[in-house]
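*Asks:* Right, I'll just put the structure down here and ask away after.
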Amino acid sequence: MEVTADRLLDLIRPFKGNDGATIPVLQAIQTNLGYLPPESFALIEQELGIPASKAYGVATFYAQFRTTPVGKHLIKVCDGTACHVRGSVTILTAIRDHLDLKDTDTTTDKVFTVQEVACLGCCSLAPVMMVGETTYGSLSFEKSREILDGYRAKEA
Ligand code: FES
């Protein structure tokens with residue numbers, strides 16, 4: 001999806017005059033576009049008076065923000081304590097291998113992006129991943145592969 005300046009301005013302008021708009025405007029852009037396009041920061045400075053360097057600093061400080069495009073399905077693999085002790089690292093590695101991800105987090109067909117995250121808040125289901133807004137628990141590598149193959153099949 002191409003992101004135009006007009007689209008970004010539509011997302012940024014509602015925050016004019018708001019004190020403390022830095023995080024909310026970044027969240028609004030990311031919620032709508034899936035990431036923060038590089039041109040966002042100059043437009044935030046132009047429209048809201050928040051220095052681009054400050055907005056970029058916030059965007060890169062918090063793990064919730066992404067500055068690169070994501071695939072259609074964002075996979076969040078939890079590596080919080082409960083998931084870690086139940087093998088999340090092995091599952092994450094296996095998922096990355098299965099999706100043929102080497103130096104990148106997004107598949108070449110832009111269907112999947114894999115992200116390692118801290119606790120997803122459902123530790124009793126550990127190990128856990130989310131695909132989009134759907135949570136999958138008690139994962140094994142085989143189970144995670146079946147889930148992702150199901151998403152892949154729907155794309156075919
Ligand atoms: S540690 Fe993974 S859901 Fe809490």
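All residue names refer to the structure tokens as shown: chains lettered A, B, ... in order, residues numbered from 1 in each chain, ligands numbered from 1 in order.
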Name all residues at most 9 Å from stretch 150-152 of chain A (count only C-alpha atoms; drop same-chain ones fewer than 6 positions away) and give them as a PDB file with N, CA and C atoms, in the first residue's frame.

*Replies:*
ATOM      1  N   HIS A  73       0.139 -10.427   7.781  1.00  0.00           N
ATOM      2  CA  HIS A  73      -0.120 -11.033   9.080  1.00  0.00           C
ATOM      3  C   HIS A  73       1.094 -10.794   9.989  1.00  0.00           C
ATOM      4  N   VAL A 111       3.587 -11.655   3.209  1.00  0.00           N
ATOM      5  CA  VAL A 111       2.429 -12.244   3.889  1.00  0.00           C
ATOM      6  C   VAL A 111       2.626 -12.223   5.406  1.00  0.00           C
ATOM      7  N   PHE A 112       3.854 -12.511   5.872  1.00  0.00           N
ATOM      8  CA  PHE A 112       4.099 -12.599   7.304  1.00  0.00           C
ATOM      9  C   PHE A 112       5.236 -11.678   7.748  1.00  0.00           C
TER      10      PHE A 112
END

*Asks:* Out of stretch 2-142 of chain A, which residues get strand (DSSP E or B) from DSSP, as a PyMOL selection string?

*Replies:* chain A and resi 73-78+106+112-117+129-131+134-136

*Asks:* Would you mind listing the residues within 10 Å of ligand 1, counting only C-alpha atoms and all ligand atoms, as a VMD selection string?

*Replies:* chain A and resid 77 to 86 88 117 to 130 135 137

*Asks:* Mind writing the picked residues with C-alpha atoms as a PDB file, in the first residue's frame?

*Replies:*
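Dumped to again.pdb:
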ATOM      1  CA  VAL A  77       5.968 -14.681  19.413  1.00  0.00           C
ATOM      2  CA  CYS A  78       6.107 -14.189  23.169  1.00  0.00           C
ATOM      3  CA  ASP A  79       9.447 -14.501  24.920  1.00  0.00           C
ATOM      4  CA  GLY A  80       8.264 -13.459  28.353  1.00  0.00           C
ATOM      5  CA  THR A  81       9.434 -15.542  31.292  1.00  0.00           C
ATOM      6  CA  ALA A  82       6.681 -18.175  31.247  1.00  0.00           C
ATOM      7  CA  CYS A  83       6.961 -18.668  27.498  1.00  0.00           C
ATOM      8  CA  HIS A  84      10.742 -18.596  27.573  1.00  0.00           C
ATOM      9  CA  VAL A  85      10.990 -21.467  30.056  1.00  0.00           C
ATOM     10  CA  ARG A  86       8.551 -23.460  27.917  1.00  0.00           C
ATOM     11  CA  SER A  88       9.637 -20.000  23.024  1.00  0.00           C
ATOM     12  CA  VAL A 117       7.620  -9.596  22.101  1.00  0.00           C
ATOM     13  CA  ALA A 118       7.468  -9.583  25.888  1.00  0.00           C
ATOM     14  CA  CYS A 119       4.567 -11.090  27.842  1.00  0.00           C
ATOM     15  CA  LEU A 120       1.291 -11.161  25.915  1.00  0.00           C
ATOM     16  CA  GLY A 121      -0.666 -11.445  29.149  1.00  0.00           C
ATOM     17  CA  CYS A 122      -1.834 -15.053  28.902  1.00  0.00           C
ATOM     18  CA  CYS A 123       1.044 -16.880  30.575  1.00  0.00           C
ATOM     19  CA  SER A 124      -1.095 -19.891  31.553  1.00  0.00           C
ATOM     20  CA  LEU A 125      -1.222 -20.731  27.841  1.00  0.00           C
ATOM     21  CA  ALA A 126       2.571 -20.563  27.418  1.00  0.00           C
ATOM     22  CA  PRO A 127       4.179 -20.767  24.989  1.00  0.00           C
ATOM     23  CA  VAL A 128       2.036 -18.265  23.118  1.00  0.00           C
ATOM     24  CA  MET A 129       1.956 -16.397  19.832  1.00  0.00           C
ATOM     25  CA  MET A 130      -0.514 -14.008  18.263  1.00  0.00           C
ATOM     26  CA  THR A 135      -3.962 -15.747  20.268  1.00  0.00           C
ATOM     27  CA  GLY A 137      -1.370 -21.074  23.121  1.00  0.00           C
TER      28      GLY A 137
END

*Asks:* List as a list of chain:residue names the protein and nucleic acid residues near A:Arg145, meaning an atom at most 9 Å away when only C-alpha atoms are counted, but skip any in the same chain fewer than 6 places from it.

*Replies:*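 Listing them by chain and then by number gives A:Ala94, A:Ile95, A:His98.
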
*Asks:* DSSP on the backbone: what in stretch 7-140 of chain A comes out helix (DSSP H, G or I), as a PyMOL selection string?

*Replies:* chain A and resi 7-15+22-33+39-48+52-61+81-85+88-98+123-125

*Asks:* What's the separation between atom CA of A:Ser144 and atom CA of A:Gln27, in Å to one decimal place?

*Replies:*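 Calculated distance between atom CA of A:Ser144 and atom CA of A:Gln27 is 28.7 Å.
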
*Asks:* At a cut-off of 12 Å, can you tabulate as CSV every residue of stretch 28-59 of chain A near stretch 5-14 of chain A together with its closest atom pair and the distance in Å to one decimal, using only C-alpha atoms and ordering rows by chain then number?

*Replies:*
residue,atom,partner,partner_atom,distance
A:Ala28,CA,A:Leu11,CA,6.6
A:Ile29,CA,A:Leu11,CA,6.2
A:Gln30,CA,A:Leu11,CA,9.8
A:Thr31,CA,A:Leu11,CA,10.1
A:Asn32,CA,A:Leu11,CA,8.3
A:Leu33,CA,A:Leu8,CA,9.2
A:Tyr35,CA,A:Leu8,CA,11.6
A:Leu36,CA,A:Leu8,CA,9.7
A:Pro37,CA,A:Leu8,CA,8.9
A:Pro38,CA,A:Leu8,CA,10.8
A:Glu39,CA,A:Ala5,CA,7.9
A:Ser40,CA,A:Leu8,CA,6.7
A:Phe41,CA,A:Leu8,CA,10.1
A:Ala42,CA,A:Ala5,CA,10.5
A:Leu43,CA,A:Leu9,CA,7.2
A:Ile44,CA,A:Ile12,CA,6.5
A:Glu45,CA,A:Ile12,CA,10.0
A:Gln46,CA,A:Leu9,CA,9.9
A:Glu47,CA,A:Arg13,CA,6.6
A:Leu48,CA,A:Arg13,CA,7.6
A:Gly49,CA,A:Ile12,CA,11.3
A:Ile50,CA,A:Ile12,CA,11.3

*Asks:* Could you write those residues out with N, CA and C atoms, as a PDB file, in the first residue's frame?

*Replies:*
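The new file selection_21.pdb reads:
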ATOM      1  N   ALA A  28      -1.641   6.444  16.281  1.00  0.00           N
ATOM      2  CA  ALA A  28      -2.686   6.583  15.262  1.00  0.00           C
ATOM      3  C   ALA A  28      -2.140   6.198  13.889  1.00  0.00           C
ATOM      4  N   ILE A  29      -0.942   6.644  13.589  1.00  0.00           N
ATOM      5  CA  ILE A  29      -0.351   6.318  12.283  1.00  0.00           C
ATOM      6  C   ILE A  29      -0.112   4.819  12.187  1.00  0.00           C
ATOM      7  N   GLN A  30       0.461   4.266  13.239  1.00  0.00           N
ATOM      8  CA  GLN A  30       0.789   2.837  13.174  1.00  0.00           C
ATOM      9  C   GLN A  30      -0.467   1.973  13.119  1.00  0.00           C
ATOM     10  N   THR A  31      -1.496   2.344  13.876  1.00  0.00           N
ATOM     11  CA  THR A  31      -2.745   1.571  13.861  1.00  0.00           C
ATOM     12  C   THR A  31      -3.343   1.551  12.460  1.00  0.00           C
ATOM     13  N   ASN A  32      -3.251   2.655  11.772  1.00  0.00           N
ATOM     14  CA  ASN A  32      -3.860   2.752  10.446  1.00  0.00           C
ATOM     15  C   ASN A  32      -2.985   2.196   9.331  1.00  0.00           C
ATOM     16  N   LEU A  33      -1.684   2.321   9.456  1.00  0.00           N
ATOM     17  CA  LEU A  33      -0.798   1.937   8.359  1.00  0.00           C
ATOM     18  C   LEU A  33       0.045   0.705   8.671  1.00  0.00           C
ATOM     19  N   TYR A  35       2.763   0.639  10.359  1.00  0.00           N
ATOM     20  CA  TYR A  35       4.116   1.062  10.689  1.00  0.00           C
ATOM     21  C   TYR A  35       4.187   2.581  10.552  1.00  0.00           C
ATOM     22  N   LEU A  36       5.359   3.127  10.860  1.00  0.00           N
ATOM     23  CA  LEU A  36       5.555   4.574  10.785  1.00  0.00           C
ATOM     24  C   LEU A  36       6.432   4.878   9.576  1.00  0.00           C
ATOM     25  N   PRO A  37       5.839   5.321   8.480  1.00  0.00           N
ATOM     26  CA  PRO A  37       6.667   5.652   7.311  1.00  0.00           C
ATOM     27  C   PRO A  37       7.657   6.768   7.655  1.00  0.00           C
ATOM     28  N   PRO A  38       8.841   6.767   7.032  1.00  0.00           N
ATOM     29  CA  PRO A  38       9.875   7.748   7.379  1.00  0.00           C
ATOM     30  C   PRO A  38       9.411   9.193   7.230  1.00  0.00           C
ATOM     31  N   GLU A  39       8.555   9.453   6.251  1.00  0.00           N
ATOM     32  CA  GLU A  39       8.108  10.834   6.047  1.00  0.00           C
ATOM     33  C   GLU A  39       7.164  11.321   7.144  1.00  0.00           C
ATOM     34  N   SER A  40       6.702  10.411   8.003  1.00  0.00           N
ATOM     35  CA  SER A  40       5.809  10.801   9.109  1.00  0.00           C
ATOM     36  C   SER A  40       6.449  11.864   9.987  1.00  0.00           C
ATOM     37  N   PHE A  41       7.734  11.702  10.237  1.00  0.00           N
ATOM     38  CA  PHE A  41       8.371  12.518  11.273  1.00  0.00           C
ATOM     39  C   PHE A  41       8.465  13.984  10.867  1.00  0.00           C
ATOM     40  N   ALA A  42       8.807  14.240   9.604  1.00  0.00           N
ATOM     41  CA  ALA A  42       8.861  15.625   9.130  1.00  0.00           C
ATOM     42  C   ALA A  42       7.465  16.244   9.127  1.00  0.00           C
ATOM     43  N   LEU A  43       6.458  15.450   8.779  1.00  0.00           N
ATOM     44  CA  LEU A  43       5.089  15.980   8.753  1.00  0.00           C
ATOM     45  C   LEU A  43       4.572  16.229  10.168  1.00  0.00           C
ATOM     46  N   ILE A  44       4.974  15.408  11.119  1.00  0.00           N
ATOM     47  CA  ILE A  44       4.592  15.642  12.521  1.00  0.00           C
ATOM     48  C   ILE A  44       5.207  16.960  12.990  1.00  0.00           C
ATOM     49  N   GLU A  45       6.459  17.195  12.609  1.00  0.00           N
ATOM     50  CA  GLU A  45       7.103  18.468  12.991  1.00  0.00           C
ATOM     51  C   GLU A  45       6.378  19.644  12.339  1.00  0.00           C
ATOM     52  N   GLN A  46       6.093  19.506  11.058  1.00  0.00           N
ATOM     53  CA  GLN A  46       5.442  20.587  10.311  1.00  0.00           C
ATOM     54  C   GLN A  46       4.058  20.914  10.878  1.00  0.00           C
ATOM     55  N   GLU A  47       3.289  19.888  11.204  1.00  0.00           N
ATOM     56  CA  GLU A  47       1.894  20.104  11.595  1.00  0.00           C
ATOM     57  C   GLU A  47       1.709  20.324  13.093  1.00  0.00           C
ATOM     58  N   LEU A  48       2.520  19.644  13.902  1.00  0.00           N
ATOM     59  CA  LEU A  48       2.301  19.678  15.353  1.00  0.00           C
ATOM     60  C   LEU A  48       3.405  20.413  16.105  1.00  0.00           C
ATOM     61  N   GLY A  49       4.502  20.739  15.412  1.00  0.00           N
ATOM     62  CA  GLY A  49       5.598  21.439  16.075  1.00  0.00           C
ATOM     63  C   GLY A  49       6.442  20.540  16.966  1.00  0.00           C
ATOM     64  N   ILE A  50       6.230  19.234  16.868  1.00  0.00           N
ATOM     65  CA  ILE A  50       7.053  18.296  17.640  1.00  0.00           C
ATOM     66  C   ILE A  50       8.291  17.998  16.793  1.00  0.00           C
TER      67      ILE A  50
END

*Asks:* Have a look at atom CA of A:Ile91 and atom CA of A:Leu139 and let me know their distance in Å, one decimal.

*Replies:*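 If I compute the distance from atom CA of A:Ile91 to atom CA of A:Leu139, I get 7.9 Å.
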
*Asks:* Taking only C-alpha atoms into account, which of A:Thr113, A:Thr107, A:Ser140, A:Thr134 comes nearest A:Arg66?

*Replies:*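 Under the stated criterion, the closest residue is A:Thr113.
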
*Asks:* Taking only C-alpha atoms into account, which of A:Leu74, A:Gln115, A:Thr108, A:Thr22 comes nearest A:Ser53?

*Replies:*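 Looking only at the distances to A:Ser53, the closest residue turns out to be A:Thr22.
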
*Asks:* So which residues touch A:Ile23 within 10 Å, counting only C-alpha atoms, skipping near sequence neighbours fewer than 4 positions away, as an MDAnalysis selection string?

*Replies:* chainID A and resid 27:28 55 58:59 62 65

*Asks:* What would the file look like if the residues just selected were written as a PDB file, in the first residue's frame with N, CA and C atoms?

*Replies:*
ATOM      1  N   GLN A  27       0.831   6.343  17.541  1.00  0.00           N
ATOM      2  CA  GLN A  27      -0.064   5.181  17.631  1.00  0.00           C
ATOM      3  C   GLN A  27      -1.132   5.242  16.543  1.00  0.00           C
ATOM      4  N   ALA A  28      -1.641   6.444  16.281  1.00  0.00           N
ATOM      5  CA  ALA A  28      -2.686   6.583  15.262  1.00  0.00           C
ATOM      6  C   ALA A  28      -2.140   6.198  13.889  1.00  0.00           C
ATOM      7  N   ALA A  55      10.194  12.841  17.808  1.00  0.00           N
ATOM      8  CA  ALA A  55       9.206  11.821  17.436  1.00  0.00           C
ATOM      9  C   ALA A  55       9.912  10.536  17.011  1.00  0.00           C
ATOM     10  N   VAL A  58      11.238   8.713  20.069  1.00  0.00           N
ATOM     11  CA  VAL A  58      10.183   7.978  20.775  1.00  0.00           C
ATOM     12  C   VAL A  58       9.836   6.701  19.999  1.00  0.00           C
ATOM     13  N   ALA A  59       9.735   6.833  18.678  1.00  0.00           N
ATOM     14  CA  ALA A  59       9.350   5.687  17.846  1.00  0.00           C
ATOM     15  C   ALA A  59      10.359   4.554  17.944  1.00  0.00           C
ATOM     16  N   TYR A  62      10.390   2.788  21.912  1.00  0.00           N
ATOM     17  CA  TYR A  62       9.351   1.855  22.340  1.00  0.00           C
ATOM     18  C   TYR A  62       9.208   0.710  21.347  1.00  0.00           C
ATOM     19  N   PHE A  65       6.448   0.355  18.456  1.00  0.00           N
ATOM     20  CA  PHE A  65       6.451   1.053  17.173  1.00  0.00           C
ATOM     21  C   PHE A  65       7.385   0.381  16.175  1.00  0.00           C
TER      22      PHE A  65
END
